[in-house]
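Structure file run.pdb (PDB, N, CA and C atoms) is printed below.
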```pdb
ATOM      1  N   MET A   1     -30.372  22.564 -71.345
ATOM      2  CA  MET A   1     -31.605  22.259 -70.653
ATOM      3  C   MET A   1     -31.689  23.151 -69.417
ATOM      4  N   ALA A   2     -32.820  23.767 -69.216
ATOM      5  CA  ALA A   2     -33.025  24.670 -68.082
ATOM      6  C   ALA A   2     -33.278  23.868 -66.816
ATOM      7  N   ARG A   3     -32.731  24.402 -65.726
ATOM      8  CA  ARG A   3     -32.950  23.732 -64.437
ATOM      9  C   ARG A   3     -34.227  24.251 -63.811
ATOM     10  N   GLN A   4     -34.767  23.454 -62.951
ATOM     11  CA  GLN A   4     -36.007  23.833 -62.277
ATOM     12  C   GLN A   4     -35.676  24.713 -61.065
ATOM     13  N   PHE A   5     -36.459  25.782 -60.866
ATOM     14  CA  PHE A   5     -36.277  26.696 -59.729
ATOM     15  C   PHE A   5     -36.677  25.979 -58.439
ATOM     16  N   LYS A   6     -35.797  26.048 -57.435
ATOM     17  CA  LYS A   6     -36.073  25.400 -56.157
ATOM     18  C   LYS A   6     -36.162  26.496 -55.104
ATOM     19  N   PRO A   7     -37.366  26.876 -54.704
ATOM     20  CA  PRO A   7     -37.552  28.017 -53.805
ATOM     21  C   PRO A   7     -36.943  27.821 -52.417
ATOM     22  N   VAL A   8     -36.962  26.629 -51.875
ATOM     23  CA  VAL A   8     -36.410  26.405 -50.544
ATOM     24  C   VAL A   8     -34.899  26.641 -50.568
ATOM     25  N   ARG A   9     -34.233  26.107 -51.546
ATOM     26  CA  ARG A   9     -32.791  26.297 -51.666
ATOM     27  C   ARG A   9     -32.455  27.779 -51.853
ATOM     28  N   PHE A  10     -33.231  28.472 -52.677
ATOM     29  CA  PHE A  10     -33.018  29.902 -52.912
ATOM     30  C   PHE A  10     -33.132  30.695 -51.612
ATOM     31  N   PHE A  11     -34.182  30.470 -50.842
ATOM     32  CA  PHE A  11     -34.383  31.231 -49.606
ATOM     33  C   PHE A  11     -33.351  30.875 -48.533
ATOM     34  N   VAL A  12     -32.900  29.661 -48.486
ATOM     35  CA  VAL A  12     -31.851  29.280 -47.541
ATOM     36  C   VAL A  12     -30.547  29.990 -47.902
ATOM     37  N   ILE A  13     -30.199  30.021 -49.168
ATOM     38  CA  ILE A  13     -28.975  30.706 -49.603
ATOM     39  C   ILE A  13     -29.076  32.200 -49.332
ATOM     40  N   MET A  14     -30.241  32.812 -49.580
ATOM     41  CA  MET A  14     -30.426  34.239 -49.304
ATOM     42  C   MET A  14     -30.333  34.528 -47.803
ATOM     43  N   ALA A  15     -30.849  33.645 -46.969
ATOM     44  CA  ALA A  15     -30.771  33.835 -45.515
ATOM     45  C   ALA A  15     -29.327  33.741 -45.038
ATOM     46  N   VAL A  16     -28.567  32.795 -45.563
ATOM     47  CA  VAL A  16     -27.159  32.657 -45.194
ATOM     48  C   VAL A  16     -26.378  33.889 -45.641
ATOM     49  N   ALA A  17     -26.645  34.367 -46.834
ATOM     50  CA  ALA A  17     -25.956  35.566 -47.330
ATOM     51  C   ALA A  17     -26.286  36.782 -46.463
ATOM     52  N   ALA A  18     -27.542  36.936 -46.085
ATOM     53  CA  ALA A  18     -27.935  38.059 -45.227
ATOM     54  C   ALA A  18     -27.265  37.949 -43.852
ATOM     55  N   PHE A  19     -27.174  36.754 -43.323
ATOM     56  CA  PHE A  19     -26.517  36.544 -42.031
ATOM     57  C   PHE A  19     -25.045  36.929 -42.108
ATOM     58  N   VAL A  20     -24.364  36.546 -43.155
ATOM     59  CA  VAL A  20     -22.943  36.871 -43.321
ATOM     60  C   VAL A  20     -22.762  38.382 -43.459
ATOM     61  N   VAL A  21     -23.575  39.026 -44.252
ATOM     62  CA  VAL A  21     -23.474  40.477 -44.442
ATOM     63  C   VAL A  21     -23.716  41.200 -43.118
ATOM     64  N   CYS A  22     -24.711  40.796 -42.368
ATOM     65  CA  CYS A  22     -24.990  41.430 -41.068
ATOM     66  C   CYS A  22     -23.841  41.204 -40.084
ATOM     67  N   GLY A  23     -23.256  40.038 -40.089
ATOM     68  CA  GLY A  23     -22.125  39.757 -39.202
ATOM     69  C   GLY A  23     -20.914  40.603 -39.535
ATOM     70  N   VAL A  24     -20.600  40.743 -40.794
ATOM     71  CA  VAL A  24     -19.460  41.566 -41.212
ATOM     72  C   VAL A  24     -19.710  43.030 -40.849
ATOM     73  N   THR A  25     -20.923  43.504 -41.079
ATOM     74  CA  THR A  25     -21.265  44.883 -40.739
ATOM     75  C   THR A  25     -21.141  45.125 -39.243
ATOM     76  N   ALA A  26     -21.631  44.225 -38.441
ATOM     77  CA  ALA A  26     -21.542  44.378 -36.990
ATOM     78  C   ALA A  26     -20.090  44.361 -36.529
ATOM     79  N   PHE A  27     -19.272  43.513 -37.125
ATOM     80  CA  PHE A  27     -17.856  43.435 -36.752
ATOM     81  C   PHE A  27     -17.162  44.765 -37.010
ATOM     82  N   TYR A  28     -17.323  45.324 -38.198
ATOM     83  CA  TYR A  28     -16.629  46.560 -38.528
ATOM     84  C   TYR A  28     -17.219  47.761 -37.796
ATOM     85  N   THR A  29     -18.499  47.752 -37.507
ATOM     86  CA  THR A  29     -19.096  48.843 -36.745
ATOM     87  C   THR A  29     -18.564  48.840 -35.323
ATOM     88  N   HIS A  30     -18.486  47.682 -34.701
ATOM     89  CA  HIS A  30     -17.966  47.589 -33.333
ATOM     90  C   HIS A  30     -16.487  47.948 -33.292
ATOM     91  N   ARG A  31     -15.756  47.531 -34.290
ATOM     92  CA  ARG A  31     -14.324  47.821 -34.341
ATOM     93  C   ARG A  31     -14.081  49.321 -34.459
ATOM     94  N   ALA A  32     -14.895  50.014 -35.226
ATOM     95  CA  ALA A  32     -14.719  51.449 -35.431
ATOM     96  C   ALA A  32     -15.205  52.276 -34.243
ATOM     97  N   ALA A  33     -15.871  51.661 -33.295
ATOM     98  CA  ALA A  33     -16.368  52.414 -32.142
ATOM     99  C   ALA A  33     -15.231  52.964 -31.297
ATOM    100  N   HIS A  34     -14.065  52.342 -31.355
ATOM    101  CA  HIS A  34     -12.921  52.779 -30.560
ATOM    102  C   HIS A  34     -11.880  53.502 -31.394
ATOM    103  N   GLY A  35     -12.236  53.883 -32.592
ATOM    104  CA  GLY A  35     -11.319  54.624 -33.447
ATOM    105  C   GLY A  35     -11.137  53.938 -34.781
ATOM    106  N   ARG A  36     -10.852  54.728 -35.771
ATOM    107  CA  ARG A  36     -10.718  54.179 -37.113
ATOM    108  C   ARG A  36      -9.281  53.827 -37.468
ATOM    109  N   SER A  37      -8.326  54.566 -36.961
ATOM    110  CA  SER A  37      -6.926  54.299 -37.300
ATOM    111  C   SER A  37      -6.256  53.506 -36.173
ATOM    112  N   PRO A  38      -5.166  52.838 -36.473
ATOM    113  CA  PRO A  38      -4.464  52.092 -35.413
ATOM    114  C   PRO A  38      -3.984  52.996 -34.276
ATOM    115  N   GLU A  39      -3.542  54.214 -34.626
ATOM    116  CA  GLU A  39      -3.080  55.129 -33.591
ATOM    117  C   GLU A  39      -4.223  55.521 -32.653
ATOM    118  N   GLU A  40      -5.389  55.764 -33.238
ATOM    119  CA  GLU A  40      -6.537  56.158 -32.421
ATOM    120  C   GLU A  40      -6.990  55.012 -31.519
ATOM    121  N   ARG A  41      -6.951  53.787 -32.029
ATOM    122  CA  ARG A  41      -7.332  52.638 -31.199
ATOM    123  C   ARG A  41      -6.337  52.406 -30.073
ATOM    124  N   SER A  42      -5.036  52.589 -30.343
ATOM    125  CA  SER A  42      -4.053  52.413 -29.270
ATOM    126  C   SER A  42      -4.184  53.527 -28.237
ATOM    127  N   ALA A  43      -4.471  54.750 -28.689
ATOM    128  CA  ALA A  43      -4.682  55.856 -27.751
ATOM    129  C   ALA A  43      -5.924  55.603 -26.911
ATOM    130  N   TYR A  44      -6.956  55.025 -27.523
ATOM    131  CA  TYR A  44      -8.175  54.693 -26.783
ATOM    132  C   TYR A  44      -7.851  53.700 -25.668
ATOM    133  N   ALA A  45      -7.071  52.676 -25.992
ATOM    134  CA  ALA A  45      -6.722  51.659 -24.993
ATOM    135  C   ALA A  45      -5.907  52.265 -23.851
ATOM    136  N   ILE A  46      -4.963  53.140 -24.171
ATOM    137  CA  ILE A  46      -4.155  53.791 -23.139
ATOM    138  C   ILE A  46      -5.025  54.706 -22.287
ATOM    139  N   GLY A  47      -5.915  55.460 -22.927
ATOM    140  CA  GLY A  47      -6.815  56.340 -22.192
ATOM    141  C   GLY A  47      -7.777  55.578 -21.306
ATOM    142  N   GLU A  48      -8.260  54.443 -21.793
ATOM    143  CA  GLU A  48      -9.175  53.627 -20.996
ATOM    144  C   GLU A  48      -8.470  53.109 -19.740
ATOM    145  N   THR A  49      -7.242  52.667 -19.896
ATOM    146  CA  THR A  49      -6.463  52.194 -18.747
ATOM    147  C   THR A  49      -6.230  53.320 -17.750
ATOM    148  N   ALA A  50      -5.884  54.504 -18.258
ATOM    149  CA  ALA A  50      -5.656  55.654 -17.376
ATOM    150  C   ALA A  50      -6.944  56.048 -16.659
ATOM    151  N   GLY A  51      -8.071  55.982 -17.330
ATOM    152  CA  GLY A  51      -9.354  56.310 -16.711
ATOM    153  C   GLY A  51      -9.750  55.317 -15.639
ATOM    154  N   GLU A  52      -9.450  54.050 -15.873
ATOM    155  CA  GLU A  52      -9.766  53.032 -14.878
ATOM    156  C   GLU A  52      -8.886  53.169 -13.637
ATOM    157  N   GLN A  53      -7.693  53.718 -13.791
ATOM    158  CA  GLN A  53      -6.770  53.857 -12.673
ATOM    159  C   GLN A  53      -6.915  55.194 -11.944
ATOM    160  N   ALA A  54      -7.903  55.984 -12.309
ATOM    161  CA  ALA A  54      -8.123  57.258 -11.615
ATOM    162  C   ALA A  54      -8.483  56.966 -10.164
ATOM    163  N   PRO A  55      -8.058  57.833  -9.231
ATOM    164  CA  PRO A  55      -8.335  57.580  -7.810
ATOM    165  C   PRO A  55      -9.830  57.580  -7.513
ATOM    166  N   ALA A  56     -10.206  56.821  -6.492
ATOM    167  CA  ALA A  56     -11.610  56.749  -6.092
ATOM    168  C   ALA A  56     -12.061  58.116  -5.592
ATOM    169  N   GLY A  57     -13.277  58.468  -5.885
ATOM    170  CA  GLY A  57     -13.826  59.752  -5.460
ATOM    171  C   GLY A  57     -13.463  60.902  -6.382
ATOM    172  N   ALA A  58     -12.701  60.639  -7.420
ATOM    173  CA  ALA A  58     -12.310  61.692  -8.360
ATOM    174  C   ALA A  58     -13.486  62.019  -9.279
ATOM    175  N   LYS A  59     -13.465  63.209  -9.829
ATOM    176  CA  LYS A  59     -14.483  63.616 -10.791
ATOM    177  C   LYS A  59     -13.896  63.536 -12.185
ATOM    178  N   LEU A  60     -14.766  63.355 -13.157
ATOM    179  CA  LEU A  60     -14.328  63.303 -14.546
ATOM    180  C   LEU A  60     -13.728  64.645 -14.924
ATOM    181  N   PRO A  61     -12.513  64.665 -15.458
ATOM    182  CA  PRO A  61     -11.873  65.930 -15.820
ATOM    183  C   PRO A  61     -12.638  66.660 -16.927
ATOM    184  N   THR A  62     -12.423  67.960 -16.983
ATOM    185  CA  THR A  62     -13.042  68.760 -18.048
ATOM    186  C   THR A  62     -12.368  68.437 -19.372
ATOM    187  N   ALA A  63     -12.938  68.953 -20.447
ATOM    188  CA  ALA A  63     -12.375  68.696 -21.771
ATOM    189  C   ALA A  63     -10.957  69.252 -21.884
ATOM    190  N   ALA A  64     -10.715  70.419 -21.304
ATOM    191  CA  ALA A  64      -9.373  71.007 -21.363
ATOM    192  C   ALA A  64      -8.371  70.160 -20.587
ATOM    193  N   GLU A  65      -8.780  69.669 -19.423
ATOM    194  CA  GLU A  65      -7.885  68.814 -18.633
ATOM    195  C   GLU A  65      -7.601  67.496 -19.359
ATOM    196  N   LEU A  66      -8.629  66.936 -19.987
ATOM    197  CA  LEU A  66      -8.427  65.711 -20.756
ATOM    198  C   LEU A  66      -7.468  65.948 -21.916
ATOM    199  N   ASN A  67      -7.590  67.092 -22.554
ATOM    200  CA  ASN A  67      -6.704  67.422 -23.666
ATOM    201  C   ASN A  67      -5.262  67.532 -23.192
ATOM    202  N   MET A  68      -5.054  68.168 -22.037
ATOM    203  CA  MET A  68      -3.696  68.291 -21.490
ATOM    204  C   MET A  68      -3.127  66.909 -21.128
ATOM    205  N   MET A  69      -3.970  66.049 -20.541
ATOM    206  CA  MET A  69      -3.526  64.688 -20.208
ATOM    207  C   MET A  69      -3.158  63.931 -21.481
ATOM    208  N   ALA A  70      -3.983  64.074 -22.514
ATOM    209  CA  ALA A  70      -3.729  63.378 -23.776
ATOM    210  C   ALA A  70      -2.412  63.838 -24.386
ATOM    211  N   GLN A  71      -2.144  65.139 -24.337
ATOM    212  CA  GLN A  71      -0.883  65.649 -24.879
ATOM    213  C   GLN A  71       0.311  65.118 -24.095
ATOM    214  N   LYS A  72       0.155  65.020 -22.775
ATOM    215  CA  LYS A  72       1.238  64.487 -21.940
ATOM    216  C   LYS A  72       1.525  63.027 -22.300
ATOM    217  N   TYR A  73       0.470  62.226 -22.412
ATOM    218  CA  TYR A  73       0.650  60.823 -22.768
ATOM    219  C   TYR A  73       1.196  60.684 -24.187
ATOM    220  N   PHE A  74       0.773  61.577 -25.094
ATOM    221  CA  PHE A  74       1.264  61.517 -26.470
ATOM    222  C   PHE A  74       2.763  61.759 -26.514
ATOM    223  N   LYS A  75       3.236  62.718 -25.741
ATOM    224  CA  LYS A  75       4.679  63.004 -25.710
ATOM    225  C   LYS A  75       5.456  61.823 -25.138
ATOM    226  N   GLN A  76       4.837  61.078 -24.211
ATOM    227  CA  GLN A  76       5.520  59.937 -23.608
ATOM    228  C   GLN A  76       5.569  58.732 -24.540
ATOM    229  N   GLN A  77       4.439  58.386 -25.137
ATOM    230  CA  GLN A  77       4.395  57.123 -25.866
ATOM    231  C   GLN A  77       3.620  57.156 -27.174
ATOM    232  N   GLY A  78       3.179  58.309 -27.604
ATOM    233  CA  GLY A  78       2.369  58.375 -28.811
ATOM    234  C   GLY A  78       3.175  58.448 -30.084
ATOM    235  N   SER A  79       2.520  58.128 -31.161
ATOM    236  CA  SER A  79       3.104  58.285 -32.482
ATOM    237  C   SER A  79       1.956  58.530 -33.451
ATOM    238  N   GLY A  80       2.248  59.141 -34.565
ATOM    239  CA  GLY A  80       1.205  59.436 -35.533
ATOM    240  C   GLY A  80       0.708  60.851 -35.392
ATOM    241  N   GLU A  81      -0.510  61.080 -35.825
ATOM    242  CA  GLU A  81      -1.109  62.413 -35.797
ATOM    243  C   GLU A  81      -1.646  62.718 -34.407
ATOM    244  N   GLN A  82      -1.232  63.838 -33.840
ATOM    245  CA  GLN A  82      -1.567  64.138 -32.446
ATOM    246  C   GLN A  82      -3.060  64.385 -32.242
ATOM    247  N   GLN A  83      -3.729  65.051 -33.166
ATOM    248  CA  GLN A  83      -5.151  65.353 -32.991
ATOM    249  C   GLN A  83      -5.978  64.066 -32.935
ATOM    250  N   THR A  84      -5.674  63.134 -33.801
ATOM    251  CA  THR A  84      -6.365  61.847 -33.799
ATOM    252  C   THR A  84      -6.078  61.097 -32.503
ATOM    253  N   TRP A  85      -4.831  61.143 -32.081
ATOM    254  CA  TRP A  85      -4.417  60.468 -30.858
ATOM    255  C   TRP A  85      -5.136  61.071 -29.659
ATOM    256  N   ASP A  86      -5.224  62.404 -29.607
ATOM    257  CA  ASP A  86      -5.894  63.079 -28.497
ATOM    258  C   ASP A  86      -7.359  62.666 -28.401
ATOM    259  N   GLN A  87      -8.027  62.619 -29.547
ATOM    260  CA  GLN A  87      -9.452  62.248 -29.547
ATOM    261  C   GLN A  87      -9.641  60.823 -29.049
ATOM    262  N   GLY A  88      -8.812  59.903 -29.500
ATOM    263  CA  GLY A  88      -8.909  58.518 -29.040
ATOM    264  C   GLY A  88      -8.644  58.406 -27.549
ATOM    265  N   PHE A  89      -7.633  59.114 -27.054
ATOM    266  CA  PHE A  89      -7.309  59.081 -25.629
ATOM    267  C   PHE A  89      -8.468  59.616 -24.796
ATOM    268  N   GLU A  90      -9.037  60.751 -25.215
ATOM    269  CA  GLU A  90     -10.138  61.356 -24.464
ATOM    270  C   GLU A  90     -11.343  60.429 -24.407
ATOM    271  N   ASN A  91     -11.682  59.805 -25.525
ATOM    272  CA  ASN A  91     -12.814  58.868 -25.533
ATOM    273  C   ASN A  91     -12.527  57.660 -24.646
ATOM    274  N   GLY A  92     -11.308  57.143 -24.716
ATOM    275  CA  GLY A  92     -10.941  55.990 -23.893
ATOM    276  C   GLY A  92     -10.931  56.329 -22.417
ATOM    277  N   TYR A  93     -10.393  57.497 -22.067
ATOM    278  CA  TYR A  93     -10.339  57.895 -20.660
ATOM    279  C   TYR A  93     -11.756  58.035 -20.098
ATOM    280  N   THR A  94     -12.627  58.674 -20.853
ATOM    281  CA  THR A  94     -14.010  58.855 -20.402
ATOM    282  C   THR A  94     -14.699  57.513 -20.193
ATOM    283  N   ASP A  95     -14.543  56.604 -21.159
ATOM    284  CA  ASP A  95     -15.170  55.283 -21.024
ATOM    285  C   ASP A  95     -14.595  54.496 -19.861
ATOM    286  N   GLY A  96     -13.282  54.516 -19.694
ATOM    287  CA  GLY A  96     -12.651  53.797 -18.582
ATOM    288  C   GLY A  96     -13.039  54.379 -17.238
ATOM    289  N   PHE A  97     -13.114  55.697 -17.162
ATOM    290  CA  PHE A  97     -13.499  56.361 -15.927
ATOM    291  C   PHE A  97     -14.928  56.005 -15.558
ATOM    292  N   GLN A  98     -15.819  56.073 -16.525
ATOM    293  CA  GLN A  98     -17.221  55.754 -16.252
ATOM    294  C   GLN A  98     -17.409  54.277 -15.917
ATOM    295  N   LYS A  99     -16.590  53.433 -16.498
ATOM    296  CA  LYS A  99     -16.688  51.996 -16.233
ATOM    297  C   LYS A  99     -16.388  51.685 -14.763
ATOM    298  N   THR A 100     -15.438  52.397 -14.150
ATOM    299  CA  THR A 100     -15.028  52.079 -12.787
ATOM    300  C   THR A 100     -15.630  53.001 -11.732
ATOM    301  N   HIS A 101     -16.076  54.184 -12.106
ATOM    302  CA  HIS A 101     -16.531  55.152 -11.103
ATOM    303  C   HIS A 101     -18.035  55.362 -11.063
ATOM    304  N   TYR A 102     -18.758  54.952 -12.066
ATOM    305  CA  TYR A 102     -20.200  55.181 -12.082
ATOM    306  C   TYR A 102     -20.955  53.874 -12.015
ATOM    307  N   ARG A 103     -20.666  53.081 -11.038
ATOM    308  CA  ARG A 103     -21.385  51.811 -10.876
ATOM    309  C   ARG A 103     -22.698  52.059 -10.140
ATOM    310  N   GLN A 104     -23.715  51.363 -10.579
ATOM    311  CA  GLN A 104     -25.030  51.553  -9.937
ATOM    312  C   GLN A 104     -25.598  50.246  -9.499
TER
END
```

Could you rewrite the structure in this file as structure tokens?
Amino acid sequence: MARQFKPVRFFVIMAVAAFVVCGVTAFYTHRAAHGRSPEERSAYAIGETAGEQAPAGAKLPTAAELNMMAQKYFKQQGSGEQQTWDQGFENGYTDGFQKTHYRQ
């Protein structure tokens, strides 16, 4: 015996499914904003901390200076692929620096 179509139940289930899909997408998009690999995310966190601890009145370092800083930190505490680590550190340092030095 065929069941009767219930439009309210159908639309409620579709709305719940859409909400879950959007939530999962937002979670993974936000998570990937700080790096895709664990090494890159840890380098981002270290770089962000280093950027926040920069002295007051300092200017944001150039890309070459950031690269040298990233290599120094990588030799001290990094593991994994250095290029990925450097990119995560540079992004984290820039974000941390801007968070503490560019207040308006």

Identify, on the basis of only C-alpha atoms, every residue whose closest approach to A:Gln87 does not exceed 10 Å; exclude the query and any residue fewer than 4 positions from it along the same chain; express the result as a compact mmCIF listing (two decimals) with N, CA and C atoms, keeping the file's coordinate frame.
```txt
# COMPACT_ATOMS: atom_id res chain seq x y z
N GLY A 35 -12.24 53.88 -32.59
CA GLY A 35 -11.32 54.62 -33.45
C GLY A 35 -11.14 53.94 -34.78
N GLU A 40 -5.39 55.76 -33.24
CA GLU A 40 -6.54 56.16 -32.42
C GLU A 40 -6.99 55.01 -31.52
N ARG A 41 -6.95 53.79 -32.03
CA ARG A 41 -7.33 52.64 -31.20
C ARG A 41 -6.34 52.41 -30.07
N ALA A 43 -4.47 54.75 -28.69
CA ALA A 43 -4.68 55.86 -27.75
C ALA A 43 -5.92 55.60 -26.91
N TYR A 44 -6.96 55.02 -27.52
CA TYR A 44 -8.18 54.69 -26.78
C TYR A 44 -7.85 53.70 -25.67
N GLY A 47 -5.92 55.46 -22.93
CA GLY A 47 -6.82 56.34 -22.19
C GLY A 47 -7.78 55.58 -21.31
N LEU A 66 -8.63 66.94 -19.99
CA LEU A 66 -8.43 65.71 -20.76
C LEU A 66 -7.47 65.95 -21.92
N ASN A 67 -7.59 67.09 -22.55
CA ASN A 67 -6.70 67.42 -23.67
C ASN A 67 -5.26 67.53 -23.19
N ALA A 70 -3.98 64.07 -22.51
CA ALA A 70 -3.73 63.38 -23.78
C ALA A 70 -2.41 63.84 -24.39
N GLN A 82 -1.23 63.84 -33.84
CA GLN A 82 -1.57 64.14 -32.45
C GLN A 82 -3.06 64.39 -32.24
N GLN A 83 -3.73 65.05 -33.17
CA GLN A 83 -5.15 65.35 -32.99
C GLN A 83 -5.98 64.07 -32.94
N ASN A 91 -11.68 59.80 -25.52
CA ASN A 91 -12.81 58.87 -25.53
C ASN A 91 -12.53 57.66 -24.65
N GLY A 92 -11.31 57.14 -24.72
CA GLY A 92 -10.94 55.99 -23.89
C GLY A 92 -10.93 56.33 -22.42
N TYR A 93 -10.39 57.50 -22.07
CA TYR A 93 -10.34 57.90 -20.66
C TYR A 93 -11.76 58.04 -20.10
```

**OP:** Have a look at atom CA of A:Gln76 and atom CA of A:Glu90 and let me know their distance in Å, one decimal.
**Re:** 15.7 Å

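Here the question is which of A:Ala33, A:Arg9, A:Phe97, A:Ser79 gets nearest to A:Ala50 using all atoms listed in the file, and that residue is A:Phe97.
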
Subject >> Atom pair atom CA of A:Gln53 / atom CA of A:Lys72: separation (Å) >> reply: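 Result for atom CA of A:Gln53 versus atom CA of A:Lys72: 16.2 Å, one decimal.
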
Subject >> Straight-line distance linking atom CA of A:Pro7 with atom N of A:Cys22, stated in Å to one decimal >> reply: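 About the pair atom CA of A:Pro7 and atom N of A:Cys22: they are 21.4 Å apart.
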
**OP:** Enumerate, as a ChimeraX atom specification, the complete set of residues in chain A that a backbone-based DSSP assignment places in alpha helix (DSSP H).
**Re:** /A:7-32,38-52,63-77,82-101
